[in-house]
file input-v6.cif (mmCIF, C-alpha atoms and all ligand atoms)
data_work
loop_
_atom_site.label_atom_id
_atom_site.label_comp_id
_atom_site.auth_asym_id
_atom_site.auth_seq_id
_atom_site.Cartn_x
_atom_site.Cartn_y
_atom_site.Cartn_z
CA MET A 1 12.36 -3.16 5.42
CA ASP A 2 8.73 -3.86 4.71
CA ASP A 3 6.77 -1.92 2.06
CA LEU A 4 5.37 0.62 4.52
CA ALA A 5 8.82 1.38 5.96
CA LEU A 6 10.16 1.80 2.42
CA LEU A 7 7.33 4.16 1.52
CA VAL A 8 7.96 6.24 4.64
CA ASP A 9 11.67 6.30 3.79
CA LEU A 10 10.94 7.54 0.26
CA HIS A 11 8.70 10.33 1.56
CA ALA A 12 10.55 11.29 4.76
CA ASP A 13 12.96 13.73 3.13
CA GLY A 14 10.28 15.43 1.04
CA ALA A 15 9.01 18.89 1.95
CA ARG A 16 5.51 17.53 1.45
CA GLN A 17 4.01 14.07 1.17
CA GLY A 18 1.13 14.98 -1.12
CA PRO A 19 -0.02 17.68 -3.56
CA GLY A 20 -0.39 21.15 -2.08
CA GLY A 21 1.17 24.58 -1.80
CA ALA A 22 1.82 27.35 0.70
CA GLU A 23 -0.33 29.81 -1.27
CA GLU A 24 -3.19 27.33 -1.30
CA THR A 25 -2.93 26.73 2.45
CA ARG A 26 -3.05 30.52 2.90
CA LEU A 27 -6.13 30.67 0.69
CA SER A 28 -7.82 28.07 2.89
CA VAL A 29 -6.95 30.20 5.93
CA ALA A 30 -8.50 33.26 4.26
CA LEU A 31 -11.68 31.33 3.45
CA SER A 32 -11.89 29.94 7.00
CA GLY A 33 -12.50 33.40 8.45
CA LEU A 34 -10.18 32.60 11.38
CA ALA A 35 -7.57 35.27 10.64
CA GLY A 36 -7.38 37.93 13.33
CA ARG A 37 -8.71 35.68 16.12
CA ALA A 38 -6.44 35.15 19.12
CA GLY A 39 -5.49 31.97 20.99
CA LEU A 40 -6.89 29.44 18.51
CA ARG A 41 -6.59 25.67 19.11
CA ILE A 42 -5.96 23.81 15.87
CA ALA A 43 -5.04 20.30 14.77
CA ASP A 44 -3.26 19.41 11.53
CA VAL A 45 -4.15 15.75 10.96
CA GLY A 46 -1.90 13.57 8.81
CA CYS A 47 0.58 16.45 8.86
CA GLY A 48 3.53 14.55 7.37
CA THR A 49 6.65 16.71 7.58
CA GLY A 50 4.41 19.72 8.15
CA ALA A 51 4.30 21.77 4.94
CA ALA A 52 0.84 23.04 5.90
CA THR A 53 1.47 23.12 9.67
CA LEU A 54 4.24 25.68 9.26
CA VAL A 55 2.05 27.93 7.10
CA LEU A 56 -0.83 27.71 9.59
CA ALA A 57 1.48 28.54 12.51
CA ASP A 58 2.76 31.56 10.61
CA ALA A 59 -0.65 32.79 9.44
CA LEU A 60 -2.74 32.30 12.58
CA ASP A 61 -2.46 33.09 16.28
CA ALA A 62 -2.80 29.45 17.27
CA ARG A 63 -1.46 26.54 19.21
CA ILE A 64 -1.31 23.73 16.69
CA THR A 65 -1.10 20.02 17.40
CA ALA A 66 0.39 18.27 14.38
CA VAL A 67 -0.67 14.61 14.28
CA ASP A 68 0.77 11.84 12.15
CA LEU A 69 1.15 8.08 12.42
CA HIS A 70 4.87 8.19 11.58
CA PRO A 71 7.30 9.70 14.13
CA VAL A 72 10.04 10.17 11.52
CA PHE A 73 7.87 12.77 9.73
CA LEU A 74 7.19 14.50 13.06
CA GLU A 75 10.91 14.75 13.86
CA THR A 76 11.47 16.63 10.61
CA LEU A 77 8.52 18.89 11.36
CA ALA A 78 9.76 19.65 14.89
CA ALA A 79 13.21 20.59 13.52
CA ALA A 80 11.65 22.83 10.85
CA ALA A 81 9.44 24.50 13.47
CA ARG A 82 12.55 25.22 15.59
CA ALA A 83 14.40 26.62 12.59
CA ALA A 84 11.45 28.89 11.74
CA GLY A 85 11.06 30.08 15.34
CA LEU A 86 7.58 28.49 15.51
CA SER A 87 8.24 25.81 18.17
CA ASP A 88 6.14 27.56 20.78
CA ARG A 89 3.09 27.25 18.49
CA ILE A 90 3.52 23.67 17.23
CA THR A 91 3.33 20.42 19.21
CA THR A 92 3.83 17.12 17.41
CA ARG A 93 1.93 14.01 18.37
CA ALA A 94 2.28 10.48 17.01
CA ALA A 95 -1.29 9.16 16.88
CA SER A 96 -3.84 7.71 14.49
CA MET A 97 -6.41 9.94 12.85
CA GLU A 98 -8.91 7.26 13.81
CA ALA A 99 -8.29 7.91 17.53
CA LEU A 100 -7.32 11.56 17.83
CA PRO A 101 -5.95 12.69 21.19
CA PHE A 102 -8.41 15.57 21.72
CA ALA A 103 -11.37 16.22 23.99
CA PRO A 104 -14.87 16.71 22.57
CA GLY A 105 -15.39 20.32 21.48
CA GLU A 106 -11.76 21.27 22.14
CA LEU A 107 -10.68 22.63 18.75
CA ASP A 108 -11.39 25.79 16.77
CA ALA A 109 -10.28 24.10 13.55
CA ILE A 110 -9.02 20.88 12.03
CA TRP A 111 -6.86 21.09 8.92
CA SER A 112 -5.89 18.01 6.93
CA GLU A 113 -4.21 18.19 3.52
CA GLY A 114 -4.20 15.03 1.42
CA ALA A 115 -4.68 12.68 4.36
CA ILE A 116 -8.36 12.20 5.28
CA TYR A 117 -8.63 9.52 2.57
CA ASN A 118 -6.72 7.21 4.90
CA MET A 119 -9.89 6.77 6.94
CA GLY A 120 -12.26 7.97 4.22
CA PHE A 121 -13.70 11.45 3.71
CA GLU A 122 -17.09 10.70 5.24
CA ALA A 123 -15.82 8.68 8.23
CA GLY A 124 -13.12 11.27 8.91
CA ALA A 125 -15.43 14.29 8.72
CA ALA A 126 -18.01 12.53 10.91
CA ALA A 127 -15.48 11.48 13.57
CA TRP A 128 -13.51 14.73 13.66
CA ARG A 129 -16.64 16.92 13.92
CA GLY A 130 -16.93 15.92 17.58
CA PHE A 131 -13.57 17.53 18.42
CA LEU A 132 -14.68 20.91 17.03
CA LYS A 133 -16.27 23.71 19.02
CA PRO A 134 -19.66 24.87 17.76
CA GLY A 135 -18.89 26.93 14.66
CA GLY A 136 -15.46 25.27 14.36
CA ILE A 137 -13.79 24.88 10.97
CA LEU A 138 -12.93 21.74 9.01
CA ALA A 139 -10.46 22.35 6.15
CA VAL A 140 -9.44 19.31 4.10
CA SER A 141 -8.06 18.56 0.67
CA GLU A 142 -9.40 15.45 -0.99
CA LEU A 143 -9.35 13.59 -4.30
CA THR A 144 -12.14 15.09 -6.44
CA TRP A 145 -13.59 14.71 -9.92
CA LEU A 146 -13.19 18.05 -11.66
CA THR A 147 -15.82 17.32 -14.34
CA ASP A 148 -19.21 15.66 -14.50
CA ARG A 149 -17.96 13.00 -16.97
CA ARG A 150 -14.63 11.28 -17.39
CA PRO A 151 -12.96 8.44 -19.34
CA SER A 152 -14.08 5.01 -18.15
CA GLU A 153 -10.48 3.81 -17.66
CA LEU A 154 -9.88 6.62 -15.18
CA GLU A 155 -13.18 6.13 -13.46
CA ALA A 156 -12.48 2.39 -13.00
CA HIS A 157 -9.00 3.12 -11.65
CA TRP A 158 -10.12 5.52 -8.93
CA HIS A 159 -13.25 3.60 -8.02
CA ALA A 160 -11.00 0.63 -7.30
CA GLN A 161 -8.35 2.68 -5.46
CA TYR A 162 -10.61 5.10 -3.60
CA PRO A 163 -14.34 4.43 -3.90
CA GLU A 164 -15.22 7.76 -2.26
CA VAL A 165 -13.83 9.80 -5.17
CA ASP A 166 -16.62 12.17 -6.25
CA THR A 167 -17.44 15.63 -7.54
CA ALA A 168 -17.15 18.72 -5.33
CA SER A 169 -20.92 19.14 -5.15
CA ALA A 170 -21.32 15.55 -3.94
CA LYS A 171 -18.57 16.03 -1.32
CA MET A 172 -20.25 19.20 -0.11
CA ALA A 173 -23.53 17.31 0.19
CA VAL A 174 -21.73 14.80 2.43
CA LEU A 175 -20.46 17.64 4.61
CA GLU A 176 -23.95 19.17 4.83
CA ARG A 177 -25.45 15.82 5.78
CA LEU A 178 -22.87 15.45 8.57
CA GLY A 179 -23.62 18.86 10.10
CA PHE A 180 -21.26 21.22 8.32
CA SER A 181 -21.98 24.30 6.25
CA PRO A 182 -19.52 24.69 3.33
CA VAL A 183 -17.85 28.12 3.44
CA GLY A 184 -15.30 27.71 0.67
CA TYR A 185 -14.02 25.46 -2.11
CA PHE A 186 -11.24 25.55 -4.65
CA SER A 187 -9.25 22.96 -6.54
CA LEU A 188 -5.47 22.80 -6.29
CA PRO A 189 -3.74 24.09 -9.43
CA GLU A 190 -1.58 21.63 -11.39
CA ARG A 191 1.56 23.30 -10.03
CA CYS A 192 0.68 21.86 -6.58
CA TRP A 193 0.89 18.35 -8.05
CA LEU A 194 3.75 18.70 -10.53
CA GLU A 195 6.20 21.33 -9.27
CA ASN A 196 5.49 20.97 -5.55
CA TYR A 197 5.06 17.23 -5.27
CA TYR A 198 5.77 14.92 -8.20
CA GLU A 199 8.91 16.60 -9.54
CA PRO A 200 10.73 16.67 -6.16
CA LEU A 201 9.55 13.09 -5.54
CA ARG A 202 10.97 11.97 -8.88
CA ARG A 203 14.31 13.61 -8.08
CA ARG A 204 14.52 11.44 -4.93
CA PHE A 205 14.06 8.10 -6.77
CA PRO A 206 17.77 7.51 -7.59
CA GLY A 207 18.93 8.19 -4.02
CA PHE A 208 16.14 6.00 -2.63
CA LEU A 209 17.00 3.11 -4.94
CA ALA A 210 20.71 3.46 -4.11
CA ARG A 211 19.97 3.44 -0.35
CA HIS A 212 18.15 0.14 -0.73
CA GLY A 213 20.61 -1.49 -3.12
CA GLY A 214 18.00 -1.57 -5.91
CA ALA A 215 15.95 -4.10 -3.90
CA PRO A 216 12.89 -5.42 -5.80
CA ALA A 217 10.50 -3.98 -3.18
CA ALA A 218 12.07 -0.52 -3.55
CA ARG A 219 11.91 -0.77 -7.36
CA ALA A 220 8.25 -1.77 -7.12
CA ILE A 221 7.49 1.31 -5.02
CA VAL A 222 9.18 3.59 -7.54
CA ALA A 223 7.27 1.88 -10.38
CA ALA A 224 3.97 2.43 -8.55
CA GLU A 225 4.80 6.11 -8.00
CA GLU A 226 5.73 6.47 -11.68
CA ASP A 227 2.36 4.95 -12.64
CA GLU A 228 0.59 7.43 -10.37
CA ILE A 229 2.49 10.34 -11.93
CA ALA A 230 1.70 9.09 -15.45
CA LEU A 231 -1.98 8.81 -14.54
CA TYR A 232 -1.99 12.39 -13.31
CA GLU A 233 -0.15 13.68 -16.39
CA ARG A 234 -2.60 11.92 -18.70
CA TYR A 235 -5.86 12.76 -16.95
CA ARG A 236 -5.19 15.93 -14.96
CA GLY A 237 -8.15 17.74 -16.49
CA TYR A 238 -10.51 15.24 -14.90
CA PHE A 239 -9.30 14.81 -11.32
CA GLY A 240 -7.37 16.70 -8.71
CA TYR A 241 -7.57 17.71 -5.10
CA GLY A 242 -10.50 19.79 -3.96
CA TYR A 243 -9.95 21.94 -0.90
CA TYR A 244 -13.09 22.02 1.27
CA ILE A 245 -13.58 24.55 4.04
CA ALA A 246 -16.70 24.03 6.15
CA ARG A 247 -18.12 25.29 9.43
CA LYS A 248 -19.64 23.03 12.05
CA VAL A 249 -23.33 23.77 12.53
CA GLY A 250 -25.33 22.67 15.56
CA ASP A 251 -23.72 21.30 18.72
N1 LIG I 301 -0.41 16.76 5.03
C1 LIG I 301 0.87 16.32 4.52
C2 LIG I 301 0.99 14.81 4.33
C3 LIG I 301 0.00 14.20 3.36
S1 LIG I 301 0.35 12.47 3.04
C4 LIG I 301 1.18 17.03 3.22
O1 LIG I 301 0.23 17.53 2.58
O2 LIG I 301 2.33 17.07 2.82
C5 LIG I 301 -0.71 11.63 4.20
C6 LIG I 301 -0.17 11.60 5.61
O3 LIG I 301 -1.10 10.90 6.43
C7 LIG I 301 1.17 10.88 5.76
O4 LIG I 301 2.06 11.72 6.46
C8 LIG I 301 0.83 9.64 6.57
O5 LIG I 301 1.88 9.23 7.45
C9 LIG I 301 -0.37 10.09 7.34
N2 LIG I 301 -1.26 9.00 7.78
C10 LIG I 301 -1.63 7.90 7.08
N3 LIG I 301 -2.49 7.17 7.81
C11 LIG I 301 -2.63 7.81 9.00
C12 LIG I 301 -3.41 7.55 10.17
N4 LIG I 301 -4.19 6.46 10.26
N5 LIG I 301 -3.33 8.42 11.19
C13 LIG I 301 -2.54 9.52 11.11
N6 LIG I 301 -1.80 9.83 10.03
C14 LIG I 301 -1.84 8.98 8.98
#

call {"tool": "encode", "arguments": {"input": "input-v6.cif", "output": "structure tokens"}}
result
Amino acid sequence: MDDLALLVDLHADGARQGPGGAEETRLSVALSGLAGRAGLRIADVGCGTGAATLVLADALDARITAVDLHPVFLETLAAAARAAGLSDRITTRAASMEALPFAPGELDAIWSEGAIYNMGFEAGAAAWRGFLKPGGILAVSELTWLTDRRPSELEAHWHAQYPEVDTASAKMAVLERLGFSPVGYFSLPERCWLENYYEPLRRRFPGFLARHGGAPAARAIVAAEEDEIALYERYRGYFGYGYYIARKVGD
């Protein structure tokens, strides 16, 4: 197995593949103003195994297309949708977020939790805007500085890993420049990182290493995840995920 296949294997049996929470997805729905509307068309981009997709399908009267690059995540999502009686609302689609399978102006909303960084916040928001109806909603969670200043070690780390890391006000300015009007913002509480994501991930390390016979590549992936967790534990006051809800303005 190559590194990407190993990473997918580590994350495939998780309930989520990044920080987040059902309550926080519901909060984003409340801020979107879409509740109570009928027959919505929504995409969940970089859906993983669908933690957010299932909440959206439950909270909104919508047909949701859940898009991810990795079919193994989508299989888990489809099974969970069947088990929850939500299959008629959720369609899975293996596709890249850089070439989404939608027509211009087709969607009422695009949700994407912890995934837009794969193409970059600005490139993603710019490209996805075209798939939204006028007044359509973009709701994304994204790595964000929680304070104006931060330790230089942390700043150097994230600038190298993800140069678009920035404060919420700067991210909102990007959205405004691209033709969105911000309608809501909050940052994910620590529980979304620790209890919902990192702790379950950590509990899967032994099984993952056993499945791969302790192969060096598998051990390296676990070590990298441990480093990421340690970074969060040390510096969690300074960075997190911001949840941005914005409305498309103009055509
Ligand atoms: N939204 C989910 C998953 C977040 S992890 C959750 O919050 O749990 C990021 C997801 O983006 C992964 O499922 C990964 O497979 C997917 N992804 C990465 N690059 C992608 C791309 N180019 N196109 C579509 N999905 C991609």

call {"tool": "residues_around", "arguments": {"input": "input-v6.cif", "residues": "A:Leu100", "least_positions_apart": "5", "cutoff": "10 Å", "atoms": "only C-alpha atoms", "output": "PDB file with C-alpha atoms, keeping the file's coordinate frame"}}
result
ATOM      1  CA  ALA A  43      -5.040  20.300  14.770  1.00  0.00           C
ATOM      2  CA  VAL A  45      -4.150  15.750  10.960  1.00  0.00           C
ATOM      3  CA  VAL A  67      -0.670  14.610  14.280  1.00  0.00           C
ATOM      4  CA  ASP A  68       0.770  11.840  12.150  1.00  0.00           C
ATOM      5  CA  ARG A  93       1.930  14.010  18.370  1.00  0.00           C
ATOM      6  CA  ALA A  94       2.280  10.480  17.010  1.00  0.00           C
ATOM      7  CA  ALA A  95      -1.290   9.160  16.880  1.00  0.00           C
ATOM      8  CA  ALA A 127     -15.480  11.480  13.570  1.00  0.00           C
ATOM      9  CA  TRP A 128     -13.510  14.730  13.660  1.00  0.00           C
ATOM     10  CA  PHE A 131     -13.570  17.530  18.420  1.00  0.00           C
TER      11      PHE A 131
END

call {"tool": "residues_around", "arguments": {"input": "input-v6.cif", "residues": "A:Leu143", "least_positions_apart": "4", "cutoff": "12 Å", "atoms": "only C-alpha atoms", "output": "ChimeraX atom specification"}}
result
/A:18-20,113-118,120-121,158-159,161-168,171,187-188,193,232,236,238-244

call {"tool": "closest_residue", "arguments": {"input": "input-v6.cif", "among": "A:Met1, A:Ala83, A:Ala220, A:Leu60", "to": "A:Gly36", "atoms": "only C-alpha atoms"}}
result
A:Leu60

call {"tool": "residues_near_ligand", "arguments": {"input": "input-v6.cif", "ligand": "ligand LIG 301 (chain I)", "cutoff": "10 Å", "atoms": "only C-alpha atoms and all ligand atoms", "output": "PDB file with C-alpha atoms, in the coordinates of the input"}}
result
ATOM      1  CA  LEU A   4       5.370   0.620   4.520  1.00  0.00           C
ATOM      2  CA  LEU A   7       7.330   4.160   1.520  1.00  0.00           C
ATOM      3  CA  VAL A   8       7.960   6.240   4.640  1.00  0.00           C
ATOM      4  CA  HIS A  11       8.700  10.330   1.560  1.00  0.00           C
ATOM      5  CA  ALA A  12      10.550  11.290   4.760  1.00  0.00           C
ATOM      6  CA  GLY A  14      10.280  15.430   1.040  1.00  0.00           C
ATOM      7  CA  ALA A  15       9.010  18.890   1.950  1.00  0.00           C
ATOM      8  CA  ARG A  16       5.510  17.530   1.450  1.00  0.00           C
ATOM      9  CA  GLN A  17       4.010  14.070   1.170  1.00  0.00           C
ATOM     10  CA  GLY A  18       1.130  14.980  -1.120  1.00  0.00           C
ATOM     11  CA  PRO A  19      -0.020  17.680  -3.560  1.00  0.00           C
ATOM     12  CA  GLY A  20      -0.390  21.150  -2.080  1.00  0.00           C
ATOM     13  CA  GLY A  21       1.170  24.580  -1.800  1.00  0.00           C
ATOM     14  CA  THR A  25      -2.930  26.730   2.450  1.00  0.00           C
ATOM     15  CA  ASP A  44      -3.260  19.410  11.530  1.00  0.00           C
ATOM     16  CA  VAL A  45      -4.150  15.750  10.960  1.00  0.00           C
ATOM     17  CA  GLY A  46      -1.900  13.570   8.810  1.00  0.00           C
ATOM     18  CA  CYS A  47       0.580  16.450   8.860  1.00  0.00           C
ATOM     19  CA  GLY A  48       3.530  14.550   7.370  1.00  0.00           C
ATOM     20  CA  THR A  49       6.650  16.710   7.580  1.00  0.00           C
ATOM     21  CA  GLY A  50       4.410  19.720   8.150  1.00  0.00           C
ATOM     22  CA  ALA A  51       4.300  21.770   4.940  1.00  0.00           C
ATOM     23  CA  ALA A  52       0.840  23.040   5.900  1.00  0.00           C
ATOM     24  CA  THR A  53       1.470  23.120   9.670  1.00  0.00           C
ATOM     25  CA  ALA A  66       0.390  18.270  14.380  1.00  0.00           C
ATOM     26  CA  VAL A  67      -0.670  14.610  14.280  1.00  0.00           C
ATOM     27  CA  ASP A  68       0.770  11.840  12.150  1.00  0.00           C
ATOM     28  CA  LEU A  69       1.150   8.080  12.420  1.00  0.00           C
ATOM     29  CA  HIS A  70       4.870   8.190  11.580  1.00  0.00           C
ATOM     30  CA  PRO A  71       7.300   9.700  14.130  1.00  0.00           C
ATOM     31  CA  VAL A  72      10.040  10.170  11.520  1.00  0.00           C
ATOM     32  CA  PHE A  73       7.870  12.770   9.730  1.00  0.00           C
ATOM     33  CA  LEU A  74       7.190  14.500  13.060  1.00  0.00           C
ATOM     34  CA  ARG A  93       1.930  14.010  18.370  1.00  0.00           C
ATOM     35  CA  ALA A  94       2.280  10.480  17.010  1.00  0.00           C
ATOM     36  CA  ALA A  95      -1.290   9.160  16.880  1.00  0.00           C
ATOM     37  CA  SER A  96      -3.840   7.710  14.490  1.00  0.00           C
ATOM     38  CA  MET A  97      -6.410   9.940  12.850  1.00  0.00           C
ATOM     39  CA  GLU A  98      -8.910   7.260  13.810  1.00  0.00           C
ATOM     40  CA  ALA A  99      -8.290   7.910  17.530  1.00  0.00           C
ATOM     41  CA  LEU A 100      -7.320  11.560  17.830  1.00  0.00           C
ATOM     42  CA  TRP A 111      -6.860  21.090   8.920  1.00  0.00           C
ATOM     43  CA  SER A 112      -5.890  18.010   6.930  1.00  0.00           C
ATOM     44  CA  GLU A 113      -4.210  18.190   3.520  1.00  0.00           C
ATOM     45  CA  GLY A 114      -4.200  15.030   1.420  1.00  0.00           C
ATOM     46  CA  ALA A 115      -4.680  12.680   4.360  1.00  0.00           C
ATOM     47  CA  ILE A 116      -8.360  12.200   5.280  1.00  0.00           C
ATOM     48  CA  TYR A 117      -8.630   9.520   2.570  1.00  0.00           C
ATOM     49  CA  ASN A 118      -6.720   7.210   4.900  1.00  0.00           C
ATOM     50  CA  MET A 119      -9.890   6.770   6.940  1.00  0.00           C
ATOM     51  CA  VAL A 140      -9.440  19.310   4.100  1.00  0.00           C
ATOM     52  CA  SER A 141      -8.060  18.560   0.670  1.00  0.00           C
ATOM     53  CA  ASN A 196       5.490  20.970  -5.550  1.00  0.00           C
ATOM     54  CA  TYR A 197       5.060  17.230  -5.270  1.00  0.00           C
TER      55      TYR A 197
END

call {"tool": "closest_residue", "arguments": {"input": "input-v6.cif", "among": "A:Gly179, A:Glu75, A:Ser87, A:Gly237", "to": "A:Thr144", "atoms": "only C-alpha atoms"}}
result
A:Gly237

call {"tool": "residues_near_point", "arguments": {"input": "input-v6.cif", "point": "(-21.3, 20.2, 12.4)", "cutoff": "9 Å", "atoms": "only C-alpha atoms", "output": "PyMOL selection string"}}
result
chain A and resi 126+129-130+132+134-137+175-181+246-251

call {"tool": "atom_distance", "arguments": {"input": "input-v6.cif", "atom1": "atom CA of A:Arg41", "atom2": "atom CA of A:Pro189"}}
result
28.7 Å

call {"tool": "closest_residue", "arguments": {"input": "input-v6.cif", "among": "A:Leu201, A:Ala80, A:Ile90, A:Ala218", "to": "A:Asp2", "atoms": "only C-alpha atoms"}}
result
A:Ala218

call {"tool": "atom_distance", "arguments": {"input": "input-v6.cif", "atom1": "atom CA of A:Ala156", "atom2": "atom CA of A:Ala170"}}
result
18.3 Å

call {"tool": "atom_distance", "arguments": {"input": "input-v6.cif", "atom1": "atom CA of A:Ala139", "atom2": "atom CA of A:Val29"}}
result
8.6 Å

call {"tool": "residues_around", "arguments": {"input": "input-v6.cif", "residues": "stretch 202-211 of chain A", "least_positions_apart": "3", "cutoff": "9 Å", "atoms": "all atoms listed in the file", "output": "list in words"}}
result
Leu6, Asp9, Leu10, His11, Asp13, Gly14, Tyr197, Tyr198, Glu199, Gly214, Ala215, Ala218, Arg219, Val222, Glu225 and Glu226 of chain A

call {"tool": "residues_around", "arguments": {"input": "input-v6.cif", "residues": "A:Arg26", "least_positions_apart": "4", "cutoff": "10 Å", "atoms": "only C-alpha atoms", "output": "PyMOL selection string"}}
result
chain A and resi 21-22+30-32+52+55-56+58-60

call {"tool": "write_last_selection", "arguments": {"input": "input-v6.cif", "atoms": "C-alpha atoms", "output": "PDB file, in the coordinates of the input"}}
result
ATOM      1  CA  GLY A  21       1.170  24.580  -1.800  1.00  0.00           C
ATOM      2  CA  ALA A  22       1.820  27.350   0.700  1.00  0.00           C
ATOM      3  CA  ALA A  30      -8.500  33.260   4.260  1.00  0.00           C
ATOM      4  CA  LEU A  31     -11.680  31.330   3.450  1.00  0.00           C
ATOM      5  CA  SER A  32     -11.890  29.940   7.000  1.00  0.00           C
ATOM      6  CA  ALA A  52       0.840  23.040   5.900  1.00  0.00           C
ATOM      7  CA  VAL A  55       2.050  27.930   7.100  1.00  0.00           C
ATOM      8  CA  LEU A  56      -0.830  27.710   9.590  1.00  0.00           C
ATOM      9  CA  ASP A  58       2.760  31.560  10.610  1.00  0.00           C
ATOM     10  CA  ALA A  59      -0.650  32.790   9.440  1.00  0.00           C
ATOM     11  CA  LEU A  60      -2.740  32.300  12.580  1.00  0.00           C
TER      12      LEU A  60
END

call {"tool": "decode", "arguments": {"input": "input-v6.cif", "residues": "stretch 113-129 of chain A", "atoms": "C-alpha atoms", "output": "compact mmCIF listing (two decimals), in the first residue's frame"}}
result
# COMPACT_ATOMS: atom_id res chain seq x y z
CA GLU A 113 -16.29 20.61 6.61
CA GLY A 114 -12.51 20.41 6.93
CA ALA A 115 -11.92 19.74 3.24
CA ILE A 116 -11.69 22.96 1.18
CA TYR A 117 -8.00 23.26 2.15
CA ASN A 118 -7.30 20.46 -0.32
CA MET A 119 -7.71 22.95 -3.15
CA GLY A 120 -7.23 26.05 -1.01
CA PHE A 121 -9.87 28.25 0.60
CA GLU A 122 -9.74 30.99 -2.01
CA ALA A 123 -9.57 28.72 -5.07
CA GLY A 124 -12.36 26.53 -3.68
CA ALA A 125 -14.70 29.39 -2.80
CA ALA A 126 -14.08 31.02 -6.19
CA ALA A 127 -14.69 27.82 -8.17
CA TRP A 128 -17.67 26.58 -6.19
CA ARG A 129 -19.47 29.96 -6.30
